[in-house]
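Colleague: This is the structure I want to talk about, given as structure tokens.
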Amino acid sequence: MTEKAVLAGGCFWGMQDLIRKRPGVVSTRVGYTGGDVENATYRNHGTHAEAIEIEFDPATVSYRDLLEFFFQIHDPSTKNRQGNDVGMSYRSAIYYADDEQRRVAEDTIADVDASGLWPGKVVTEVEPAGAFWEAEPEHQDYLERIPWGYTCHFARPGWVLPRRSESVAS
């Protein structure tokens, strides 16, 4: 049985390109969530964030593992910004499906803050998952089709998130 995760960390192209390659990720799609517009589109997505919906096999990759990778590939300490992309669309957010995902998200954020791996405190929003409006076909799998296309996401070699000794997960 698979589970879903919904994450926003700046431009959805780069997030999708890196996350889809992770072991245990079954499928991904990019879209808009967390905002105020019904049937959101690229040209009209109001206060929605660009996000990625991830279907994953929890027997292969845990939700925590996905979140650790998410925090490695984008800067969660910049409000409404990733790289050259600025605005609410590019905010960092975790949209949880249930109380367990919320708990894991909050615990992971506490570990990121305690780690000092980023220059500032985490500004990632943690909100319940709502409607997810799938982005237009030209935005799906964008960097597979246009490998030289724009991205501000990258895996940071040697980046490992330590766990706090006083973790709520223990």
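Ordering of the structure tokens sets the chain letters (A, B, ...), residue numbers begin anew at 1 in every chain, and ligands are numbered from 1 in the order given.
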Could I get the residues of region 50-72 of chain A with an atom no further than 12 Å from an atom of region 146-168 of chain A, each paired with its nearest atom pair and that distance in Å to one decimal, using only C-alpha atoms, sorted by chain and residue number, as a tab-separated table?
Modeller:
residue	atom	partner	partner_atom	distance
A:Arg64	CA	A:Leu161	CA	10.8
A:Asp65	CA	A:Leu161	CA	10.0
A:Leu66	CA	A:Leu161	CA	11.9
A:Leu67	CA	A:Leu161	CA	10.3
A:Glu68	CA	A:Leu161	CA	6.7
A:Phe69	CA	A:Ala155	CA	8.0
A:Phe70	CA	A:Ala155	CA	9.3
A:Phe71	CA	A:Leu161	CA	8.8
A:Gln72	CA	A:Ala155	CA	6.3
Colleague: Could you list, as a VMD selection string, every residue within 10 Å of region 135-142 of chain A, counting only C-alpha atoms and ignoring same-chain residues fewer than 5 positions away?
Modeller: chain A and resid 12 to 14 16 to 17 20 28 to 32 39 to 42 45 50 to 52 147 to 150
Colleague: Go ahead and save the picked residues with N, CA, C and O atoms, as an mmCIF file, in the first residue's frame.
Modeller:
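After the write, out.cif holds the following:
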data_model
loop_
_atom_site.group_PDB
_atom_site.id
_atom_site.type_symbol
_atom_site.label_atom_id
_atom_site.label_comp_id
_atom_site.auth_asym_id
_atom_site.auth_seq_id
_atom_site.Cartn_x
_atom_site.Cartn_y
_atom_site.Cartn_z
ATOM 1 N N PHE A 12 8.365 24.007 -8.598
ATOM 2 C CA PHE A 12 8.071 22.576 -8.527
ATOM 3 C C PHE A 12 8.868 21.731 -9.500
ATOM 4 O O PHE A 12 9.013 20.539 -9.306
ATOM 5 N N TRP A 13 9.436 22.307 -10.550
ATOM 6 C CA TRP A 13 10.207 21.523 -11.521
ATOM 7 C C TRP A 13 11.403 20.833 -10.877
ATOM 8 O O TRP A 13 11.622 19.642 -11.061
ATOM 9 N N GLY A 14 12.205 21.601 -10.150
ATOM 10 C CA GLY A 14 13.413 21.050 -9.540
ATOM 11 C C GLY A 14 13.110 20.052 -8.446
ATOM 12 O O GLY A 14 13.802 19.039 -8.299
ATOM 13 N N GLN A 16 10.442 18.101 -8.270
ATOM 14 C CA GLN A 16 9.994 16.860 -8.896
ATOM 15 C C GLN A 16 11.169 16.087 -9.485
ATOM 16 O O GLN A 16 11.247 14.866 -9.334
ATOM 17 N N ASP A 17 12.070 16.794 -10.151
ATOM 18 C CA ASP A 17 13.179 16.124 -10.818
ATOM 19 C C ASP A 17 14.040 15.331 -9.843
ATOM 20 O O ASP A 17 14.477 14.224 -10.153
ATOM 21 N N ARG A 20 11.571 12.405 -7.642
ATOM 22 C CA ARG A 20 11.083 11.242 -8.404
ATOM 23 C C ARG A 20 12.122 10.134 -8.519
ATOM 24 O O ARG A 20 11.792 8.985 -8.725
ATOM 25 N N THR A 28 5.048 11.001 -9.058
ATOM 26 C CA THR A 28 4.991 12.399 -8.622
ATOM 27 C C THR A 28 4.170 13.181 -9.636
ATOM 28 O O THR A 28 4.082 12.812 -10.810
ATOM 29 N N ARG A 29 3.577 14.265 -9.151
ATOM 30 C CA ARG A 29 2.952 15.221 -10.058
ATOM 31 C C ARG A 29 3.060 16.590 -9.401
ATOM 32 O O ARG A 29 3.078 16.699 -8.170
ATOM 33 N N VAL A 30 3.180 17.612 -10.222
ATOM 34 C CA VAL A 30 3.298 18.964 -9.699
ATOM 35 C C VAL A 30 1.976 19.692 -9.836
ATOM 36 O O VAL A 30 1.155 19.368 -10.703
ATOM 37 N N GLY A 31 1.768 20.652 -8.934
ATOM 38 C CA GLY A 31 0.524 21.402 -8.960
ATOM 39 C C GLY A 31 0.537 22.523 -7.939
ATOM 40 O O GLY A 31 1.597 22.965 -7.492
ATOM 41 N N TYR A 32 -0.674 22.937 -7.560
ATOM 42 C CA TYR A 32 -0.859 24.100 -6.702
ATOM 43 C C TYR A 32 -1.724 23.706 -5.512
ATOM 44 O O TYR A 32 -2.734 23.023 -5.674
ATOM 45 N N ASN A 39 -9.634 25.437 -8.892
ATOM 46 C CA ASN A 39 -9.141 25.080 -10.221
ATOM 47 C C ASN A 39 -7.919 25.911 -10.611
ATOM 48 O O ASN A 39 -7.853 26.473 -11.707
ATOM 49 N N ALA A 40 -6.954 25.987 -9.715
ATOM 50 C CA ALA A 40 -5.763 26.803 -9.924
ATOM 51 C C ALA A 40 -5.009 26.401 -11.179
ATOM 52 O O ALA A 40 -4.963 25.222 -11.549
ATOM 53 N N THR A 41 -4.413 27.394 -11.824
ATOM 54 C CA THR A 41 -3.578 27.196 -13.012
ATOM 55 C C THR A 41 -2.297 27.995 -12.839
ATOM 56 O O THR A 41 -2.173 28.814 -11.920
ATOM 57 N N TYR A 42 -1.359 27.800 -13.742
ATOM 58 C CA TYR A 42 -0.099 28.540 -13.670
ATOM 59 C C TYR A 42 -0.355 30.040 -13.739
ATOM 60 O O TYR A 42 0.250 30.816 -13.012
ATOM 61 N N HIS A 45 -3.158 31.177 -9.891
ATOM 62 C CA HIS A 45 -3.107 30.294 -8.727
ATOM 63 C C HIS A 45 -3.154 31.052 -7.407
ATOM 64 O O HIS A 45 -2.926 30.464 -6.346
ATOM 65 N N GLU A 50 3.478 26.483 -5.336
ATOM 66 C CA GLU A 50 3.857 25.443 -6.287
ATOM 67 C C GLU A 50 4.295 24.257 -5.437
ATOM 68 O O GLU A 50 5.129 24.403 -4.542
ATOM 69 N N ALA A 51 3.713 23.095 -5.694
ATOM 70 C CA ALA A 51 3.947 21.944 -4.818
ATOM 71 C C ALA A 51 4.109 20.665 -5.626
ATOM 72 O O ALA A 51 3.836 20.628 -6.832
ATOM 73 N N ILE A 52 4.536 19.636 -4.931
ATOM 74 C CA ILE A 52 4.659 18.313 -5.538
ATOM 75 C C ILE A 52 3.895 17.314 -4.678
ATOM 76 O O ILE A 52 3.984 17.343 -3.449
ATOM 77 N N PRO A 147 16.233 19.115 -20.039
ATOM 78 C CA PRO A 147 17.232 18.906 -18.988
ATOM 79 C C PRO A 147 18.101 20.131 -18.699
ATOM 80 O O PRO A 147 18.720 20.207 -17.642
ATOM 81 N N TRP A 148 18.165 21.074 -19.581
ATOM 82 C CA TRP A 148 18.938 22.295 -19.367
ATOM 83 C C TRP A 148 18.058 23.420 -18.806
ATOM 84 O O TRP A 148 18.504 24.550 -18.644
ATOM 85 N N GLY A 149 16.810 23.091 -18.465
ATOM 86 C CA GLY A 149 15.870 24.081 -17.943
ATOM 87 C C GLY A 149 16.260 24.574 -16.558
ATOM 88 O O GLY A 149 17.111 24.004 -15.878
ATOM 89 N N TYR A 150 15.602 25.639 -16.148
ATOM 90 C CA TYR A 150 15.907 26.302 -14.883
ATOM 91 C C TYR A 150 15.546 25.441 -13.672
ATOM 92 O O TYR A 150 14.476 24.840 -13.623
#
Colleague: Go through region 38-167 of chain A and collect every residue that DSSP, computed from the backbone, puts in strand (DSSP E); the answer should be as number ranges by chain.
Modeller: A: 49-56, 81-82, 85-86, 92-96, 125-128, 133-134
Colleague: As a list in words, please: the residues near Ser77 (chain A) (cut-off 10 Å, only C-alpha atoms, same-chain neighbours under 4 positions excluded).
Modeller: Phe71, Arg81, Gln82, Arg91, Ser92, Val112, Asp113, Trp118, Pro119, Gly120, Lys121, Val122, Val123 and Thr124 of chain A
Colleague: Using the selection just defined, write its residues with N, CA and C atoms as a short mmCIF file (atom, residue, chain, number, x, y, z; two decimals), in the first residue's frame.
Modeller:
data_model
loop_
_atom_site.label_atom_id
_atom_site.label_comp_id
_atom_site.auth_asym_id
_atom_site.auth_seq_id
_atom_site.Cartn_x
_atom_site.Cartn_y
_atom_site.Cartn_z
N PHE A 71 14.40 18.81 2.93
CA PHE A 71 15.16 19.86 3.60
C PHE A 71 16.59 19.97 3.08
N ARG A 81 10.74 32.35 -0.84
CA ARG A 81 11.82 32.48 -1.81
C ARG A 81 12.63 31.20 -1.92
N GLN A 82 13.01 30.87 -3.16
CA GLN A 82 14.02 29.86 -3.44
C GLN A 82 14.82 30.36 -4.62
N ARG A 91 7.01 29.48 -1.48
CA ARG A 91 7.22 29.26 -0.05
C ARG A 91 7.54 27.79 0.24
N SER A 92 8.09 27.59 1.40
CA SER A 92 8.38 26.24 1.89
C SER A 92 7.21 25.80 2.76
N VAL A 112 16.06 20.02 12.04
CA VAL A 112 16.73 20.94 11.10
C VAL A 112 17.16 22.20 11.85
N ASP A 113 16.27 22.77 12.65
CA ASP A 113 16.62 23.97 13.42
C ASP A 113 17.80 23.70 14.35
N TRP A 118 21.39 25.14 8.11
CA TRP A 118 20.94 26.28 7.31
C TRP A 118 21.27 27.56 8.07
N PRO A 119 21.42 28.68 7.35
CA PRO A 119 21.85 29.92 8.00
C PRO A 119 20.82 30.55 8.95
N GLY A 120 19.57 30.17 8.83
CA GLY A 120 18.53 30.72 9.70
C GLY A 120 17.58 29.65 10.16
N LYS A 121 16.61 30.05 10.95
CA LYS A 121 15.58 29.12 11.43
C LYS A 121 14.64 28.73 10.28
N VAL A 122 14.06 27.56 10.38
CA VAL A 122 13.12 27.06 9.39
C VAL A 122 11.85 27.91 9.41
N VAL A 123 11.40 28.32 8.21
CA VAL A 123 10.15 29.07 8.07
C VAL A 123 9.08 28.21 7.37
N THR A 124 9.36 26.94 7.20
CA THR A 124 8.46 26.02 6.52
C THR A 124 7.11 25.97 7.24
#
Colleague: Ranking A:Ala49, A:Leu7, A:Val104, A:Val26 by minimum distance to Gly87 (chain A) and counting only C-alpha atoms, which one comes first?
Modeller: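 Of A:Ala49, A:Leu7, A:Val104, A:Val26, the one nearest Gly87 (chain A), counting only C-alpha atoms, is A:Ala49.
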